[in-house]
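To start, the structure itself, in structure tokens.
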Amino acid sequence: MTRAEALLAEQAAVWPALAEHPFVLATADGTLPEAAFDRWLLEDHAFVVEFRRFLAGVLTLAPDEASRDVLAGGIAALTPELTLFREELARRGLDPAAHTPSLGCASYTGFMLASLHDGYEVASAVLYGVEKAYLDAWTTVRERAAAAGSRYREFIDNWAAEPFAAYVADLGTLLGGDHPTEAQRVAFGRVAAFEVQFWDALV
Ligand SMILES: Cc1ncc(CN)c(N)n1
């Protein structure tokens, strides 16, 4: 079992709640109220802004060029992702500069950025968890929404298509094949809990 598999296996009681969360299911079947999607757009835009700083920090900690190549690809992908957020926010008349992130969002991004001080092993486990959580949630949206089509197609394509799945697999590979360290296990558990509370706060 790889480190990534072991970390996920330990969260088997929590992880499925991400892909089965009411917010995710309502996004999939098209019943999500517009106001809830607006809330998510503002909160997740704020999250991604901080996430890019975190990812840049992980890149500076990475021990070799192969890892840095993977991480640099992740940073590059955030440019079109942020454009997608900002265009959708503008279409909806929402101003991200006027949005104060919730305490839950601020706690999550604060935890993420603080994990950089624990070094590459922990920060890379946090990164894997953050990205795997969205891959799994948005893959559920894609699978359930496929028949009906979706208003959220661009967001589905961002996180549930092959390039992102391949990137997340690469992030898992970067963790290596050993048993996770205790610090990685604790940090990964925190990511799972933060992801659930992020969705909970939006419904
Ligand atoms: C809360 C959250 N978790 C993960 C991701 C994927 N980077 C995100 N955009 N937002």
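We label chains A, B, ... in the order they appear in the structure tokens, count residues from 1 in each chain, and number ligands from 1 in the order shown.
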
Compute the set of protein, DNA and RNA residues whose minimum atom distance to ligand 1 is at most 6 Å, using only C-alpha atoms and all ligand atoms, and state it as a ChimeraX atom specification. /A:44,47-48,130-131,134,195,198

Given the selection you just returned, output its residues as a file containing N, CA and C atoms, formatted as an mmCIF file, in the first residue's frame.
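Final output, selection03.cif:
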data_model
loop_
_atom_site.group_PDB
_atom_site.id
_atom_site.type_symbol
_atom_site.label_atom_id
_atom_site.label_comp_id
_atom_site.auth_asym_id
_atom_site.auth_seq_id
_atom_site.Cartn_x
_atom_site.Cartn_y
_atom_site.Cartn_z
ATOM 1 N N ASP A 44 -14.934 29.785 -1.992
ATOM 2 C CA ASP A 44 -13.890 28.980 -2.623
ATOM 3 C C ASP A 44 -12.887 29.847 -3.374
ATOM 4 N N PHE A 47 -10.594 30.765 -0.798
ATOM 5 C CA PHE A 47 -9.770 29.594 -0.473
ATOM 6 C C PHE A 47 -8.647 29.434 -1.500
ATOM 7 N N VAL A 48 -9.000 29.509 -2.783
ATOM 8 C CA VAL A 48 -8.014 29.256 -3.842
ATOM 9 C C VAL A 48 -6.910 30.318 -3.858
ATOM 10 N N VAL A 130 -6.105 17.924 0.067
ATOM 11 C CA VAL A 130 -6.936 19.038 -0.434
ATOM 12 C C VAL A 130 -7.384 18.748 -1.868
ATOM 13 N N GLU A 131 -6.446 18.321 -2.693
ATOM 14 C CA GLU A 131 -6.778 18.114 -4.110
ATOM 15 C C GLU A 131 -7.597 16.844 -4.334
ATOM 16 N N TYR A 134 -11.333 17.437 -3.661
ATOM 17 C CA TYR A 134 -12.106 18.062 -4.748
ATOM 18 C C TYR A 134 -12.231 17.139 -5.951
ATOM 19 N N GLU A 195 -12.491 19.713 5.088
ATOM 20 C CA GLU A 195 -13.266 19.641 3.842
ATOM 21 C C GLU A 195 -14.750 19.431 4.135
ATOM 22 N N PHE A 198 -16.196 22.616 5.410
ATOM 23 C CA PHE A 198 -16.293 23.623 4.348
ATOM 24 C C PHE A 198 -17.638 23.483 3.621
#

Could you please write out, as an MDAnalysis selection string, every residue of stretch 16-189 of chain A that DSSP assigns to alpha helix (DSSP H)? chainID A and resid 16:19 22:29 34:61 65:91 103:114 120:145 153:160 162:174 182:189

From the options A:Val122, A:Leu8, A:Leu94, A:Ala28, which residue's atoms come nearest to A:Leu61, counting only C-alpha atoms?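 Closest residue, counting only C-alpha atoms: A:Val122.
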
Hey, what's within 10 Å of stretch 103-120 of chain A if we count only C-alpha atoms and toss same-chain stuff fewer than 5 positions away? As a PyMOL selection string, please? chain A and resi 43-44+46-51+53-55+57-63+125-127+130+175+183-184+187+190-191+193-195+197-198+200-201

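Residues in contact with A:Pro180 at 8 Å, where only C-alpha atoms are counted and same-chain residues fewer than 6 positions away are skipped, are listed as Arg3, Ala6 and Leu7 of chain A.
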
What lies within 10 Å of A:Asn158 using only C-alpha atoms, ignoring chain neighbours under 3 positions off, as number ranges by chain? A: 77-78, 80-81, 84, 134-135, 138, 153-155, 161-165

Can those selected residues be exported to a file as a PDB file, in the first residue's frame so that it contains N, CA and C atoms?
ATOM      1  N   ALA A  77      -1.967  25.786 -13.345  1.00  0.00           N
ATOM      2  CA  ALA A  77      -3.390  25.492 -13.579  1.00  0.00           C
ATOM      3  C   ALA A  77      -4.298  26.422 -12.774  1.00  0.00           C
ATOM      4  N   LEU A  78      -3.746  27.053 -11.745  1.00  0.00           N
ATOM      5  CA  LEU A  78      -4.579  27.944 -10.932  1.00  0.00           C
ATOM      6  C   LEU A  78      -4.861  29.285 -11.611  1.00  0.00           C
ATOM      7  N   PRO A  80      -5.933  29.766 -14.958  1.00  0.00           N
ATOM      8  CA  PRO A  80      -7.267  29.662 -15.572  1.00  0.00           C
ATOM      9  C   PRO A  80      -8.364  29.367 -14.548  1.00  0.00           C
ATOM     10  N   GLU A  81      -8.013  28.663 -13.467  1.00  0.00           N
ATOM     11  CA  GLU A  81      -9.029  28.367 -12.440  1.00  0.00           C
ATOM     12  C   GLU A  81      -9.517  29.668 -11.791  1.00  0.00           C
ATOM     13  N   LEU A  84     -11.711  31.528 -14.122  1.00  0.00           N
ATOM     14  CA  LEU A  84     -13.054  30.932 -14.142  1.00  0.00           C
ATOM     15  C   LEU A  84     -13.888  31.464 -12.969  1.00  0.00           C
ATOM     16  N   TYR A 134     -11.333  17.437  -3.661  1.00  0.00           N
ATOM     17  CA  TYR A 134     -12.106  18.062  -4.748  1.00  0.00           C
ATOM     18  C   TYR A 134     -12.231  17.139  -5.951  1.00  0.00           C
ATOM     19  N   LEU A 135     -11.199  16.375  -6.239  1.00  0.00           N
ATOM     20  CA  LEU A 135     -11.323  15.394  -7.335  1.00  0.00           C
ATOM     21  C   LEU A 135     -12.502  14.460  -7.052  1.00  0.00           C
ATOM     22  N   TRP A 138     -16.053  16.409  -7.046  1.00  0.00           N
ATOM     23  CA  TRP A 138     -16.508  16.857  -8.374  1.00  0.00           C
ATOM     24  C   TRP A 138     -16.654  15.698  -9.350  1.00  0.00           C
ATOM     25  N   ARG A 153     -20.788  23.008 -15.710  1.00  0.00           N
ATOM     26  CA  ARG A 153     -19.901  22.219 -16.568  1.00  0.00           C
ATOM     27  C   ARG A 153     -18.436  22.647 -16.457  1.00  0.00           C
ATOM     28  N   GLU A 154     -18.179  23.968 -16.454  1.00  0.00           N
ATOM     29  CA  GLU A 154     -16.773  24.412 -16.434  1.00  0.00           C
ATOM     30  C   GLU A 154     -16.073  24.039 -15.132  1.00  0.00           C
ATOM     31  N   PHE A 155     -16.824  24.052 -14.039  1.00  0.00           N
ATOM     32  CA  PHE A 155     -16.225  23.672 -12.761  1.00  0.00           C
ATOM     33  C   PHE A 155     -16.015  22.151 -12.715  1.00  0.00           C
ATOM     34  N   ALA A 161     -11.987  16.158 -14.659  1.00  0.00           N
ATOM     35  CA  ALA A 161     -11.511  15.646 -15.952  1.00  0.00           C
ATOM     36  C   ALA A 161     -10.113  15.049 -15.775  1.00  0.00           C
ATOM     37  N   GLU A 162      -9.652  14.392 -16.823  1.00  0.00           N
ATOM     38  CA  GLU A 162      -8.417  13.623 -16.772  1.00  0.00           C
ATOM     39  C   GLU A 162      -7.178  14.424 -16.330  1.00  0.00           C
ATOM     40  N   PRO A 163      -6.959  15.654 -16.826  1.00  0.00           N
ATOM     41  CA  PRO A 163      -5.732  16.347 -16.401  1.00  0.00           C
ATOM     42  C   PRO A 163      -5.633  16.516 -14.885  1.00  0.00           C
ATOM     43  N   PHE A 164      -6.755  16.862 -14.231  1.00  0.00           N
ATOM     44  CA  PHE A 164      -6.704  17.049 -12.780  1.00  0.00           C
ATOM     45  C   PHE A 164      -6.537  15.700 -12.082  1.00  0.00           C
ATOM     46  N   ALA A 165      -7.218  14.669 -12.605  1.00  0.00           N
ATOM     47  CA  ALA A 165      -7.076  13.326 -11.999  1.00  0.00           C
ATOM     48  C   ALA A 165      -5.620  12.866 -12.085  1.00  0.00           C
TER      49      ALA A 165
END

Å distance separating atom CA of A:Ala145 from atom CA of A:Ala36, one decimal place: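 Atom-to-atom, atom CA of A:Ala145 to atom CA of A:Ala36, that is 17.8 Å.
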
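Among the candidates A:Pro22, A:Ala56, A:Arg185, A:Arg151, the residue lying nearest to A:Val70 is A:Ala56 (atoms considered: only C-alpha atoms).
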